[in-house]
$ cat target_16.cif   # mmCIF, C-alpha atoms
data_target
#
loop_
_atom_site.label_atom_id
_atom_site.label_comp_id
_atom_site.auth_asym_id
_atom_site.auth_seq_id
_atom_site.Cartn_x
_atom_site.Cartn_y
_atom_site.Cartn_z
CA MET R 1 9.48 8.99 6.80
CA ILE R 2 7.75 11.48 9.05
CA ASP R 3 8.40 15.20 8.72
CA ASN R 4 12.05 15.77 7.85
CA ASP R 5 13.74 14.09 10.77
CA ILE R 6 12.01 10.81 11.68
CA SER R 7 12.44 7.58 9.71
CA ILE R 8 10.75 4.27 10.46
CA VAL R 9 12.36 1.14 9.05
CA GLY R 10 11.31 -2.48 9.56
CA THR R 11 8.88 -5.27 8.83
CA PHE R 12 6.00 -3.88 10.89
CA ASN R 13 2.71 -3.59 8.99
CA MET R 14 0.25 -1.05 10.30
CA ASP R 15 -2.48 -3.54 11.24
CA MET R 16 -3.79 -5.31 14.33
CA LYS R 17 -2.25 -8.67 13.44
CA SER R 18 1.24 -7.17 13.31
CA ALA R 19 0.69 -5.24 16.53
CA TYR R 20 -0.59 -8.12 18.65
CA GLN R 21 0.15 -11.46 17.01
CA ASN R 22 3.08 -11.48 14.58
CA THR R 23 6.69 -11.03 15.50
CA GLU R 24 7.51 -7.74 13.84
CA VAL R 25 10.42 -5.33 14.00
CA MET R 26 10.34 -1.55 13.67
CA LEU R 27 13.21 0.88 14.25
CA VAL R 28 12.46 4.58 14.67
CA ILE R 29 15.43 6.81 13.86
CA HIS R 30 15.60 10.52 14.60
CA SER R 31 18.00 11.87 11.96
CA GLU R 32 17.53 14.58 9.35
CA GLU R 33 20.45 13.22 7.31
CA LEU R 34 19.08 9.65 7.15
CA ASN R 35 15.59 10.96 6.41
CA ARG R 36 16.93 13.01 3.49
CA GLU R 37 18.86 10.01 2.10
CA LEU R 38 15.81 7.75 2.36
CA ARG R 39 13.63 10.34 0.62
CA GLU R 40 16.13 10.55 -2.25
CA LYS R 41 16.25 6.74 -2.62
CA MET R 42 12.47 6.34 -2.37
CA SER R 43 11.84 9.12 -4.90
CA PHE R 44 13.98 7.20 -7.43
CA TYR R 45 11.79 4.10 -6.98
CA HIS R 46 8.61 6.16 -7.01
CA ASP R 47 9.61 7.92 -10.23
CA ASN R 48 10.45 4.59 -11.93
CA THR R 49 7.32 2.60 -11.14
CA THR R 50 4.47 1.44 -13.30
CA GLU R 51 0.95 2.00 -12.04
CA ALA R 52 -0.92 -1.22 -11.36
CA ALA R 53 -4.34 -1.78 -12.86
CA VAL R 54 -7.09 -1.22 -10.31
CA GLN R 55 -9.88 -3.76 -10.01
CA SER R 56 -12.90 -1.51 -9.97
CA ASP R 57 -15.63 -4.05 -9.31
CA LYS R 58 -14.60 -6.44 -6.54
CA MET R 59 -18.18 -7.63 -6.06
CA ALA R 60 -18.43 -8.73 -9.71
CA GLU R 61 -15.21 -10.70 -9.29
CA LEU R 62 -16.55 -12.43 -6.18
CA LEU R 63 -19.94 -13.30 -7.61
CA HIS R 64 -19.28 -14.10 -11.27
CA ASP R 65 -21.79 -16.35 -13.03
CA ASP R 66 -19.85 -19.60 -13.30
CA ILE R 67 -19.89 -20.43 -9.56
CA SER R 68 -22.69 -22.02 -7.56
CA LEU R 69 -25.08 -20.06 -5.36
CA LYS R 70 -23.59 -21.79 -2.31
CA ASN R 71 -20.11 -20.54 -3.24
CA LYS R 72 -21.43 -17.04 -3.94
CA VAL R 73 -23.01 -16.88 -0.48
CA PHE R 74 -19.82 -18.21 1.15
CA ARG R 75 -17.63 -15.69 -0.71
CA LEU R 76 -19.95 -12.83 0.24
CA ILE R 77 -19.87 -13.81 3.94
CA VAL R 78 -16.07 -14.08 3.92
CA TRP R 79 -15.76 -10.74 2.12
CA VAL R 80 -17.91 -9.00 4.76
CA VAL R 81 -16.43 -10.71 7.85
CA ASP R 82 -12.76 -10.80 6.83
CA PRO R 83 -11.80 -7.20 7.73
CA PHE R 84 -13.08 -7.68 11.28
CA VAL R 85 -11.36 -11.02 12.06
CA ARG R 86 -8.23 -10.85 9.88
CA PHE R 87 -5.97 -10.01 12.87
CA LEU R 88 -7.08 -13.15 14.74
CA PHE R 89 -5.44 -15.63 12.35
#

$ encode --input "target_16.cif" --output "structure tokens"
Amino acid sequence: MIDNDISIVGTFNMDMKSAYQNTEVMLVIHSEELNRELREKMSFYHDNTTEAAVQSDKMAELLHDDISLKNKVFRLIVWVVDPFVRFLF
């Protein structure tokens, strides 16, 4: 929902892969009434959620001790490169 009168509904993810490669659908609706109804529904879900645990040390997860040096190097390269090439695959 944007402001109090625009609602966006669909499968579109805000990333390059969705914009240029995947078949995605997004409907933009200009309606204060629909926007208000969606806000009410979403606030119910928001108020009844459980916060997920946050992984604070991603690097430690990638490079834990029980994997080989070769795998550590590979994981590190993928971790660095992935954000830049994710939309290509």

$ resolve_selection --input "target_16.cif" --expression "the PyMOL selection byres ((chain R and resi 10) around 9)" --output "JSON, numbers by chain"
{"R": [8, 9, 11, 12, 13, 24, 25, 26, 27, 28]}

$ write_last_selection --input "target_16.cif" --atoms "C-alpha atoms" --output "PDB file, in the coordinates of the input"
ATOM      1  CA  ILE R   8      10.750   4.270  10.460  1.00  0.00           C
ATOM      2  CA  VAL R   9      12.360   1.140   9.050  1.00  0.00           C
ATOM      3  CA  THR R  11       8.880  -5.270   8.830  1.00  0.00           C
ATOM      4  CA  PHE R  12       6.000  -3.880  10.890  1.00  0.00           C
ATOM      5  CA  ASN R  13       2.710  -3.590   8.990  1.00  0.00           C
ATOM      6  CA  GLU R  24       7.510  -7.740  13.840  1.00  0.00           C
ATOM      7  CA  VAL R  25      10.420  -5.330  14.000  1.00  0.00           C
ATOM      8  CA  MET R  26      10.340  -1.550  13.670  1.00  0.00           C
ATOM      9  CA  LEU R  27      13.210   0.880  14.250  1.00  0.00           C
ATOM     10  CA  VAL R  28      12.460   4.580  14.670  1.00  0.00           C
TER      11      VAL R  28
END

$ atom_distance --input "target_16.cif" --atom1 "CA of Met1 (chain R)" --atom2 "CA of Glu37 (chain R)"
10.5 Å

$ atom_distance --input "target_16.cif" --atom1 "CA of Asn4 (chain R)" --atom2 "CA of His46 (chain R)"
18.0 Å

$ atom_distance --input "target_16.cif" --atom1 "CA of Phe84 (chain R)" --atom2 "CA of Ser7 (chain R)"
29.8 Å

$ resolve_selection --input "target_16.cif" --expression "the PyMOL selection byres ((chain R and resi 15) around 12)" --output "PDB file with C-alpha atoms, in the frame of the given file"
ATOM      1  CA  THR R  11       8.880  -5.270   8.830  1.00  0.00           C
ATOM      2  CA  PHE R  12       6.000  -3.880  10.890  1.00  0.00           C
ATOM      3  CA  ASN R  13       2.710  -3.590   8.990  1.00  0.00           C
ATOM      4  CA  MET R  14       0.250  -1.050  10.300  1.00  0.00           C
ATOM      5  CA  MET R  16      -3.790  -5.310  14.330  1.00  0.00           C
ATOM      6  CA  LYS R  17      -2.250  -8.670  13.440  1.00  0.00           C
ATOM      7  CA  SER R  18       1.240  -7.170  13.310  1.00  0.00           C
ATOM      8  CA  ALA R  19       0.690  -5.240  16.530  1.00  0.00           C
ATOM      9  CA  TYR R  20      -0.590  -8.120  18.650  1.00  0.00           C
ATOM     10  CA  GLN R  21       0.150 -11.460  17.010  1.00  0.00           C
ATOM     11  CA  ASN R  22       3.080 -11.480  14.580  1.00  0.00           C
ATOM     12  CA  GLU R  24       7.510  -7.740  13.840  1.00  0.00           C
ATOM     13  CA  PRO R  83     -11.800  -7.200   7.730  1.00  0.00           C
ATOM     14  CA  PHE R  84     -13.080  -7.680  11.280  1.00  0.00           C
ATOM     15  CA  VAL R  85     -11.360 -11.020  12.060  1.00  0.00           C
ATOM     16  CA  ARG R  86      -8.230 -10.850   9.880  1.00  0.00           C
ATOM     17  CA  PHE R  87      -5.970 -10.010  12.870  1.00  0.00           C
ATOM     18  CA  LEU R  88      -7.080 -13.150  14.740  1.00  0.00           C
TER      19      LEU R  88
END

$ residues_around --input "target_16.cif" --residues "Ile6 (chain R)" --least-positions-apart "4" --cutoff "7 Å" --atoms "all atoms listed in the file" --output "PyMOL selection string"
chain R and resi 1-2+28-31+35
